[in-house]
Amino acid sequence: MIEFKLPSLGADMEEGKFLEWKVKAGDRVKRGDIVAVVETPKAAVEVEIWDEGTVQELVAKPGESYPVGAVLARLAGAGERPAAVSPEKRTVEVRRRISPAARKHAEEHGIDVEKVEGTGPGGSVTVEDVEKMIKAAPAPKPAAAPSADAAGAMRRAIAAAMSRSKREIPHYYLSETIPMLRASEWLARENEKRPVTGRLLMAVLQLKAVALALAKFPDLNGFFRDGAHQPSAAVHAGVAISLRQGGLVAPAIHDAQAKTLDALMKDLADLVKRARAGSLRSSEMSDPTITVTNLGEGGVEAVFPVIYPPQVAIVGFGTLAERPWAHDSGLRAIPTVVASVAADHRVSDGHRGALYLAELARILQEPEKL
Amino acid sequence: MTITYREALRQGLYEALEKDERAFLMGEDVGKYGGTYAVSKGMLEKFGPERVRDAPLSELGFVGAGVGAALGGMKPIVEVMTVNFIMLALDQIVNTAAMLRHMSGGQFSVPLVVRTSSGAGRQLAAQHSQAFEAWFAHVPGLRVVAAATVDDARGLLGAALAQDDPVVLFEYPALFEMKGEIAEKSVDLRSSKIRRQGGRVTLVTYGACLPKALKAAEEIDAEVIDLRSLRPLDMQPILESLRKTRRAVVVDEGWKTCSLAAEIVARIMEQGFYDLDAPVARVCREEVPIPYARHLEEAALPQVDKIVAAAKGLFA
């Protein structure tokens with residue numbers, strides 16, 4: 001018997017509100033399947049399972065809160081014989097007949113079409129049925145703005161994580177101005193060849209460079225847990241994404257060091273979209289081994305970021321700006337960026353951080369190799 | 001003025017021959033006999049054998065001659081007695097008349113009008129009761145029109161002759177005795193037309209089924225749309241009507257499979273899906289050869305009661 005427990009979906013998470021099962025008793029699941037949706041202070045997260053087997057019993061009930069580690073479901077593993085699931089527990093989904101016009105009409109009037117009684121052919125819901133419901137129902141309330149409570153919870157979660165970081169992690173900070181002439185020119189040439197939808201952002205080049213540079217600096221990648229550093233071979237780069245309603249999340253792009261620029265661009269666009277829609281996955285929330293924060297859009301020169309525990313480093317980029325630069329024995333204005341790193345002094349020293357930044361700068365001079 | 005559909009066809013033809021001396025009529029029995037349906041009665045005497053020409057029983061031959069005359073600068077009106085015999089001339093109509101503009105890189109146009117009659121209901125049995133409008137509506141390069149009213153019977157020929165491209169004009173013997181008012185205005189052969197306003201359901205039809213649809217509409221408060229132009233199709237009035245009624249029945253005297261009705265339903269799905277409150281219904285010819293016996297023939301064709309039943313089926 002395998003127990004599926006509520007995972008920690010971030011250092012700041014102590015409990016989660018269980019929202020929804022994506023599986024039912026009797027379903028076979030495999031590693032990576034999304035089985036449930038759990039609300040954390042930051043987002044509604046799709047939780048993946050890391051075991052293979054047959055769902056035996058769903059313990060968690062939608063709407064209730066559970067602490068991290070609570071058993072949410074029990075599974076029969078491979079080889080185990082799943083206990084018979086009584087057939088009446090399986091629901092047969094019968095699709096209600098709702099005419100296209102009725103569905104549209106209901107949507108336009110803020111009516112839940114599922115609640116409308118159908119009197120059309122075959123019991124289908126028609127516009128007339130929706131009309132009856134509209135007349136019976138009071139005027140719809142405007143969609144509720146995100147509640148102060150949700151925004152407050154997000155703020156509290158960030159406060160908890162950042163306080164813990166500043167309390168526990170002895171940060172050191174380094175920064176270096178990196179010439180970006182070659183990268184900018186290469187990117188412009190590359191994007192000229194591409195359709196508008198396939199164009200790359202400088203942020204993607206920077207992300208890939210951060211991940212590649214970590215190959216020689218395992219002491220900046222991974223977690224600090226139980227008094228020791230746990231390095232990670234893969235770079236799961238957490239990308240800091242600010243949310244429109246305030247607050248931020250930093251979900252992971254997995255194996256960033258091994259992905260092509262195109263794949264990273266696609267992943268980044270997808271991640272930003274889903275982060276803002278509030279549909280991130282559990283592995284994205286809990287896996288980042290390092291975080292990259294790019295505040296270039298805001299026009300800041302340099303970032304002095306705070307490490308997201310239990311990670312051991314965070315890399316920041318300021319705005320890409322033209323600055324005077326000594327170049328070929330002359331002075332010229334070229335695009336540059338200030339890259340910074342904040343790292344955990346319990347794991348690495350400033351010398352290592354400096355070498356890392358130098359490596360990052362070197363890699364960014366060879367954009368074609370990214 | 002109230003006249004019959006037959007008289008309207010005659011007037012349209014007479015006017016066409018009178019108006020343009022390049023126009024001439026050619027077909028089986030159109031001259032001495034005065035036309036199988038007496039539409040060209042007296043025209044040989046009036047316009048002479050140069051312009052009203054009896055053709056041998058060879059549809060492929062005389063339709064081909066019509067294509068040649070059109071290429072040579074004439075405005076031929078070729079009458080193929082019924083659509084049942086037009087299959088013999090399909091090669092000239094489809095492979096030649098419809099394609100020549102394309103094949104010649106736009107150098108040749110074929111301003112040919114093929115008049116033919118279509119439909120069942122007169123106890124003429126399987127081989128003389130076909131409705132093949134959809135075959136022609138399938139072909140790019142052709143314009144296909146159907147005269148379902150007295151007005152259109154009179155006006156469509158003139159409008160067809162004004163085109164630079166081949167037009168197949170369908171006339172309906174089942175309607176020949178139908179009487180109607182002639183409105184003085186000319187007829188637009190590009191547009192479908194609302195023949196009756198209504199609010200509950202949209203009936204889409206053409207040709208000989210129009211009077212049946214109009215009769216059915218009395219019982220069910222239907223809006224009735226006459227396609228009139230079968231190629232190209234003018235969907236706009238249909239889609240606008242659907243936004244009001246949200247339900248449609250397509251009435252088509254052709255067989256259901258691969259019919260014009262099928263095309264109309266498909267276009268409603270493509271362009272009007274979100275306005276629908278029920279699946280679009282079709283009333284078509286039963287998929288059998290038309291029987292000779294009157295009661296069986298009637299049972300095989302779209303009828304008023306079938307249209308009413310189909311429309312009522314769209315409501316619970």
# chains A, B, ... in the order shown; residues from 1 in each chain; ligands from 1
>>> interface_residues(of="chain A", to="chain B", cutoff="8 Å", atoms="only C-alpha atoms", output="NGL selection string")
:A and (99-102 or 104 or 119-123 or 126-127)
>>> write_last_selection(atoms="N, CA and C atoms", output="PDB file, in the first residue's frame")
ATOM      1  N   SER A  99     -28.026  23.486 -26.055  1.00  0.00           N
ATOM      2  CA  SER A  99     -27.838  23.961 -27.427  1.00  0.00           C
ATOM      3  C   SER A  99     -26.751  25.027 -27.454  1.00  0.00           C
ATOM      4  N   PRO A 100     -26.043  25.126 -28.577  1.00  0.00           N
ATOM      5  CA  PRO A 100     -24.972  26.135 -28.666  1.00  0.00           C
ATOM      6  C   PRO A 100     -25.508  27.535 -28.379  1.00  0.00           C
ATOM      7  N   ALA A 101     -26.701  27.833 -28.880  1.00  0.00           N
ATOM      8  CA  ALA A 101     -27.259  29.176 -28.664  1.00  0.00           C
ATOM      9  C   ALA A 101     -27.570  29.385 -27.186  1.00  0.00           C
ATOM     10  N   ALA A 102     -28.075  28.343 -26.522  1.00  0.00           N
ATOM     11  CA  ALA A 102     -28.412  28.465 -25.104  1.00  0.00           C
ATOM     12  C   ALA A 102     -27.147  28.662 -24.269  1.00  0.00           C
ATOM     13  N   LYS A 104     -24.369  29.998 -25.212  1.00  0.00           N
ATOM     14  CA  LYS A 104     -23.869  31.351 -25.441  1.00  0.00           C
ATOM     15  C   LYS A 104     -24.738  32.374 -24.700  1.00  0.00           C
ATOM     16  N   THR A 119     -36.023  21.904 -21.602  1.00  0.00           N
ATOM     17  CA  THR A 119     -37.338  21.465 -22.086  1.00  0.00           C
ATOM     18  C   THR A 119     -37.341  21.298 -23.599  1.00  0.00           C
ATOM     19  N   GLY A 120     -36.184  21.391 -24.218  1.00  0.00           N
ATOM     20  CA  GLY A 120     -36.105  21.243 -25.673  1.00  0.00           C
ATOM     21  C   GLY A 120     -36.134  19.781 -26.077  1.00  0.00           C
ATOM     22  N   PRO A 121     -35.874  19.501 -27.368  1.00  0.00           N
ATOM     23  CA  PRO A 121     -35.889  18.112 -27.828  1.00  0.00           C
ATOM     24  C   PRO A 121     -34.867  17.273 -27.060  1.00  0.00           C
ATOM     25  N   GLY A 122     -35.275  16.099 -26.592  1.00  0.00           N
ATOM     26  CA  GLY A 122     -34.376  15.234 -25.834  1.00  0.00           C
ATOM     27  C   GLY A 122     -33.963  15.846 -24.508  1.00  0.00           C
ATOM     28  N   GLY A 123     -34.797  16.738 -23.969  1.00  0.00           N
ATOM     29  CA  GLY A 123     -34.469  17.356 -22.684  1.00  0.00           C
ATOM     30  C   GLY A 123     -33.363  18.389 -22.782  1.00  0.00           C
ATOM     31  N   THR A 126     -32.554  25.025 -24.076  1.00  0.00           N
ATOM     32  CA  THR A 126     -32.657  25.953 -25.201  1.00  0.00           C
ATOM     33  C   THR A 126     -32.595  27.393 -24.684  1.00  0.00           C
ATOM     34  N   VAL A 127     -32.578  28.337 -25.615  1.00  0.00           N
ATOM     35  CA  VAL A 127     -32.544  29.745 -25.236  1.00  0.00           C
ATOM     36  C   VAL A 127     -33.771  30.099 -24.387  1.00  0.00           C
TER      37      VAL A 127
END
>>> residues_around(residues="stretch 196-210 of chain B", least_positions_apart="6", cutoff="7 Å", atoms="only C-alpha atoms", output="list in words")
Ala146, Ala147, Ala148, Tyr172, Ala174, Leu175, Asp221, Ala222, Glu223, Val224, Ile225, Asp226, Leu227, Arg228, Ser241, Leu242, Lys244, Thr245, Arg246, Arg247, Ala248, Val249, Val250, Val251, Asp252, Glu253 and Ala311 of chain B
>>> write_last_selection(atoms="C-alpha atoms", output="PDB file, in the first residue's frame")
ATOM      1  CA  ALA B 146     -33.508  27.943 -59.755  1.00  0.00           C
ATOM      2  CA  ALA B 147     -36.758  29.719 -60.583  1.00  0.00           C
ATOM      3  CA  ALA B 148     -39.295  29.037 -57.854  1.00  0.00           C
ATOM      4  CA  TYR B 172     -39.949  23.369 -62.621  1.00  0.00           C
ATOM      5  CA  ALA B 174     -44.519  21.007 -61.261  1.00  0.00           C
ATOM      6  CA  LEU B 175     -44.988  24.788 -60.990  1.00  0.00           C
ATOM      7  CA  ASP B 221     -44.828  30.534 -38.060  1.00  0.00           C
ATOM      8  CA  ALA B 222     -41.801  29.863 -40.219  1.00  0.00           C
ATOM      9  CA  GLU B 223     -39.560  32.230 -42.115  1.00  0.00           C
ATOM     10  CA  VAL B 224     -39.087  30.869 -45.643  1.00  0.00           C
ATOM     11  CA  ILE B 225     -35.936  31.517 -47.613  1.00  0.00           C
ATOM     12  CA  ASP B 226     -35.678  30.682 -51.312  1.00  0.00           C
ATOM     13  CA  LEU B 227     -32.057  30.015 -52.246  1.00  0.00           C
ATOM     14  CA  ARG B 228     -32.623  31.011 -55.890  1.00  0.00           C
ATOM     15  CA  SER B 241     -32.871  34.555 -40.010  1.00  0.00           C
ATOM     16  CA  LEU B 242     -31.269  31.897 -37.789  1.00  0.00           C
ATOM     17  CA  LYS B 244     -33.865  35.214 -34.873  1.00  0.00           C
ATOM     18  CA  THR B 245     -35.367  31.713 -35.028  1.00  0.00           C
ATOM     19  CA  ARG B 246     -32.402  29.582 -33.865  1.00  0.00           C
ATOM     20  CA  ARG B 247     -33.896  26.595 -35.681  1.00  0.00           C
ATOM     21  CA  ALA B 248     -33.790  25.544 -39.299  1.00  0.00           C
ATOM     22  CA  VAL B 249     -35.216  22.928 -41.624  1.00  0.00           C
ATOM     23  CA  VAL B 250     -33.725  22.566 -45.084  1.00  0.00           C
ATOM     24  CA  VAL B 251     -36.182  21.302 -47.688  1.00  0.00           C
ATOM     25  CA  ASP B 252     -34.604  19.858 -50.821  1.00  0.00           C
ATOM     26  CA  GLU B 253     -36.207  17.781 -53.554  1.00  0.00           C
ATOM     27  CA  ALA B 311     -40.057  21.728 -37.765  1.00  0.00           C
TER      28      ALA B 311
END
>>> closest_residue(among="A:Ala234, A:Leu200, A:Ala343, A:Leu248", to="A:Lys266", atoms="only C-alpha atoms")
A:Leu200
>>> atom_distance(atom1="atom CA of B:Glu59", atom2="atom CA of B:Arg122")
23.0 Å
>>> atom_distance(atom1="atom CA of B:Arg53", atom2="atom CA of B:Val78")
9.6 Å
>>> atom_distance(atom1="atom CA of B:Leu57", atom2="atom CA of B:Lys75")
21.5 Å
>>> select_by_dssp(residues="stretch 39-182 of chain A", states="alpha helix (DSSP H)", output="ChimeraX atom specification")
/A:100-108,127-136,148-168,181-182
>>> write_last_selection(atoms="C-alpha atoms", output="PDB file, in the first residue's frame")
ATOM      1  CA  PRO A 100     -24.972  26.135 -28.666  1.00  0.00           C
ATOM      2  CA  ALA A 101     -27.259  29.176 -28.664  1.00  0.00           C
ATOM      3  CA  ALA A 102     -28.412  28.465 -25.104  1.00  0.00           C
ATOM      4  CA  ARG A 103     -24.846  28.044 -23.873  1.00  0.00           C
ATOM      5  CA  LYS A 104     -23.869  31.351 -25.441  1.00  0.00           C
ATOM      6  CA  HIS A 105     -26.977  33.107 -24.173  1.00  0.00           C
ATOM      7  CA  ALA A 106     -26.416  31.840 -20.635  1.00  0.00           C
ATOM      8  CA  GLU A 107     -22.796  32.936 -20.714  1.00  0.00           C
ATOM      9  CA  GLU A 108     -23.763  36.418 -21.843  1.00  0.00           C
ATOM     10  CA  VAL A 127     -32.544  29.745 -25.236  1.00  0.00           C
ATOM     11  CA  GLU A 128     -36.133  29.779 -23.953  1.00  0.00           C
ATOM     12  CA  ASP A 129     -35.068  27.753 -20.914  1.00  0.00           C
ATOM     13  CA  VAL A 130     -32.218  30.151 -20.217  1.00  0.00           C
ATOM     14  CA  GLU A 131     -34.647  33.060 -20.621  1.00  0.00           C
ATOM     15  CA  LYS A 132     -36.911  31.557 -17.956  1.00  0.00           C
ATOM     16  CA  MET A 133     -33.929  31.269 -15.624  1.00  0.00           C
ATOM     17  CA  ILE A 134     -32.894  34.858 -16.314  1.00  0.00           C
ATOM     18  CA  LYS A 135     -36.360  36.089 -15.460  1.00  0.00           C
ATOM     19  CA  ALA A 136     -36.436  34.014 -12.286  1.00  0.00           C
ATOM     20  CA  ALA A 148      -8.294  41.001   0.332  1.00  0.00           C
ATOM     21  CA  ASP A 149      -7.840  37.739   2.149  1.00  0.00           C
ATOM     22  CA  ALA A 150      -6.189  36.003  -0.829  1.00  0.00           C
ATOM     23  CA  ALA A 151      -3.879  38.966  -1.366  1.00  0.00           C
ATOM     24  CA  GLY A 152      -3.144  39.015   2.349  1.00  0.00           C
ATOM     25  CA  ALA A 153      -2.332  35.308   2.380  1.00  0.00           C
ATOM     26  CA  MET A 154       0.111  35.774  -0.505  1.00  0.00           C
ATOM     27  CA  ARG A 155       1.782  38.631   1.351  1.00  0.00           C
ATOM     28  CA  ARG A 156       2.063  36.568   4.516  1.00  0.00           C
ATOM     29  CA  ALA A 157       3.563  33.639   2.611  1.00  0.00           C
ATOM     30  CA  ILE A 158       6.224  35.855   1.043  1.00  0.00           C
ATOM     31  CA  ALA A 159       6.893  37.438   4.420  1.00  0.00           C
ATOM     32  CA  ALA A 160       7.408  34.031   6.044  1.00  0.00           C
ATOM     33  CA  ALA A 161       9.783  32.774   3.350  1.00  0.00           C
ATOM     34  CA  MET A 162      11.812  35.971   3.106  1.00  0.00           C
ATOM     35  CA  SER A 163      12.062  36.409   6.874  1.00  0.00           C
ATOM     36  CA  ARG A 164      13.279  32.861   7.203  1.00  0.00           C
ATOM     37  CA  SER A 165      15.793  33.503   4.436  1.00  0.00           C
ATOM     38  CA  LYS A 166      17.193  36.640   6.030  1.00  0.00           C
ATOM     39  CA  ARG A 167      17.119  35.048   9.458  1.00  0.00           C
ATOM     40  CA  GLU A 168      18.826  31.778   8.535  1.00  0.00           C
ATOM     41  CA  LEU A 181      27.105  43.551 -27.570  1.00  0.00           C
ATOM     42  CA  ARG A 182      27.688  40.111 -29.066  1.00  0.00           C
TER      43      ARG A 182
END
>>> closest_residue(among="A:Arg276, A:Glu14, A:Ser124, A:Asp27", to="A:Gly246", atoms="only C-alpha atoms")
A:Arg276
>>> select_by_dssp(residues="stretch 104-220 of chain B", states="strand (DSSP E or B)", output="VMD selection string")
chain B and resid 113 to 117 143 to 146 167 to 171 179 to 181 193 to 196 201 to 205
>>> write_last_selection(atoms="N, CA and C atoms", output="tab-separated table (two decimals), in the first residue's frame")
chain	number	residue	atom	x	y	z
B	113	VAL	N	-26.30	30.02	-71.66
B	113	VAL	CA	-27.34	29.71	-70.68
B	113	VAL	C	-27.97	28.38	-71.05
B	114	VAL	N	-27.91	27.43	-70.13
B	114	VAL	CA	-28.57	26.15	-70.34
B	114	VAL	C	-29.85	26.16	-69.52
B	115	ARG	N	-31.00	26.12	-70.22
B	115	ARG	CA	-32.27	26.01	-69.51
B	115	ARG	C	-32.63	24.55	-69.42
B	116	THR	N	-33.06	24.13	-68.25
B	116	THR	CA	-33.53	22.76	-68.16
B	116	THR	C	-34.62	22.68	-67.09
B	117	SER	N	-35.36	21.57	-67.09
B	117	SER	CA	-36.43	21.42	-66.12
B	117	SER	C	-36.11	20.27	-65.18
B	143	ARG	N	-22.56	29.02	-62.84
B	143	ARG	CA	-23.52	29.70	-61.98
B	143	ARG	C	-24.82	28.90	-62.12
B	144	VAL	N	-25.46	28.59	-61.01
B	144	VAL	CA	-26.65	27.75	-61.05
B	144	VAL	C	-27.79	28.48	-60.35
B	145	VAL	N	-28.92	28.63	-61.06
B	145	VAL	CA	-30.05	29.33	-60.47
B	145	VAL	C	-31.31	28.49	-60.62
B	146	ALA	N	-32.27	28.71	-59.74
B	146	ALA	CA	-33.51	27.94	-59.76
B	146	ALA	C	-34.68	28.92	-59.64
B	167	VAL	N	-24.38	29.68	-67.26
B	167	VAL	CA	-25.39	29.60	-66.21
B	167	VAL	C	-26.29	28.41	-66.52
B	168	VAL	N	-26.56	27.61	-65.50
B	168	VAL	CA	-27.56	26.55	-65.65
B	168	VAL	C	-28.81	27.04	-64.92
B	169	LEU	N	-29.90	27.16	-65.69
B	169	LEU	CA	-31.14	27.71	-65.14
B	169	LEU	C	-32.17	26.58	-65.01
B	170	PHE	N	-32.59	26.34	-63.80
B	170	PHE	CA	-33.57	25.27	-63.55
B	170	PHE	C	-34.99	25.82	-63.52
B	171	GLU	N	-35.85	25.15	-64.28
B	171	GLU	CA	-37.28	25.48	-64.28
B	171	GLU	C	-38.04	24.25	-63.78
B	179	LYS	N	-49.94	30.34	-60.49
B	179	LYS	CA	-50.16	31.72	-60.90
B	179	LYS	C	-49.55	32.68	-59.89
B	180	GLY	N	-49.13	33.81	-60.39
B	180	GLY	CA	-48.57	34.78	-59.46
B	180	GLY	C	-48.52	36.16	-60.08
B	181	GLU	N	-48.29	37.14	-59.22
B	181	GLU	CA	-48.17	38.53	-59.66
B	181	GLU	C	-46.78	38.75	-60.24
B	193	LYS	N	-33.58	34.80	-51.18
B	193	LYS	CA	-34.63	35.78	-50.91
B	193	LYS	C	-35.61	35.25	-49.86
B	194	ILE	N	-35.94	36.12	-48.93
B	194	ILE	CA	-36.95	35.74	-47.93
B	194	ILE	C	-38.32	35.84	-48.60
B	195	ARG	N	-39.02	34.71	-48.67
B	195	ARG	CA	-40.34	34.69	-49.32
B	195	ARG	C	-41.47	34.84	-48.31
B	196	ARG	N	-41.16	34.62	-47.06
B	196	ARG	CA	-42.19	34.80	-46.03
B	196	ARG	C	-41.47	35.12	-44.72
B	201	VAL	N	-39.10	29.35	-36.81
B	201	VAL	CA	-38.16	28.43	-37.45
B	201	VAL	C	-37.88	28.93	-38.86
B	202	THR	N	-36.67	28.64	-39.35
B	202	THR	CA	-36.30	29.06	-40.70
B	202	THR	C	-36.39	27.86	-41.64
B	203	LEU	N	-37.17	27.99	-42.70
B	203	LEU	CA	-37.21	26.95	-43.72
B	203	LEU	C	-36.38	27.43	-44.90
B	204	VAL	N	-35.40	26.62	-45.30
B	204	VAL	CA	-34.56	26.98	-46.45
B	204	VAL	C	-34.88	26.01	-47.57
B	205	THR	N	-35.18	26.54	-48.74
B	205	THR	CA	-35.53	25.65	-49.84
B	205	THR	C	-35.24	26.32	-51.17
>>> residues_around(residues="A:Thr289", least_positions_apart="2", cutoff="9 Å", atoms="only C-alpha atoms", output="PyMOL selection string")
chain A and resi 220-223+231-232+234-238+252+286-287+291+310-313
>>> write_last_selection(atoms="C-alpha atoms", output="tab-separated table (two decimals), in the first residue's frame")
chain	number	residue	atom	x	y	z
A	220	LEU	CA	25.47	27.42	-6.02
A	221	ASN	CA	22.83	24.92	-7.08
A	222	GLY	CA	20.58	22.73	-4.96
A	223	PHE	CA	19.21	22.93	-1.43
A	231	PRO	CA	23.75	19.62	-4.60
A	232	SER	CA	21.64	18.91	-7.67
A	234	ALA	CA	20.06	19.16	-12.86
A	235	VAL	CA	19.37	22.88	-12.89
A	236	HIS	CA	15.71	23.52	-12.24
A	237	ALA	CA	15.67	27.26	-12.71
A	238	GLY	CA	13.01	29.05	-10.73
A	252	ALA	CA	10.75	26.00	-12.04
A	286	SER	CA	8.85	22.71	-5.04
A	287	ASP	CA	11.69	21.82	-7.43
A	291	THR	CA	16.14	31.23	-8.82
A	310	PRO	CA	16.02	26.08	0.92
A	311	GLN	CA	17.90	27.14	-2.22
A	312	VAL	CA	21.49	28.31	-1.89
A	313	ALA	CA	21.74	31.04	-4.52
>>> residues_around(residues="B:Phe136", least_positions_apart="3", cutoff="9 Å", atoms="only C-alpha atoms", output="VMD selection string")
chain B and resid 93 to 94 132 to 133 139 to 140 142 to 144 168 230 to 231
>>> residues_around(residues="A:Phe317", least_positions_apart="2", cutoff="7 Å", atoms="only C-alpha atoms", output="PyMOL selection string")
chain A and resi 293-296+302-303+315+319+337-340
>>> residues_around(residues="A:Trp186", least_positions_apart="5", cutoff="9 Å", atoms="only C-alpha atoms", output="PyMOL selection string")
chain A and resi 181+191+367-368
>>> residues_around(residues="B:Met235", least_positions_apart="2", cutoff="8 Å", atoms="only C-alpha atoms", output="list of chain:residue names")
B:Ser192, B:Leu233, B:Pro237, B:Ile238, B:Leu239, B:Arg267
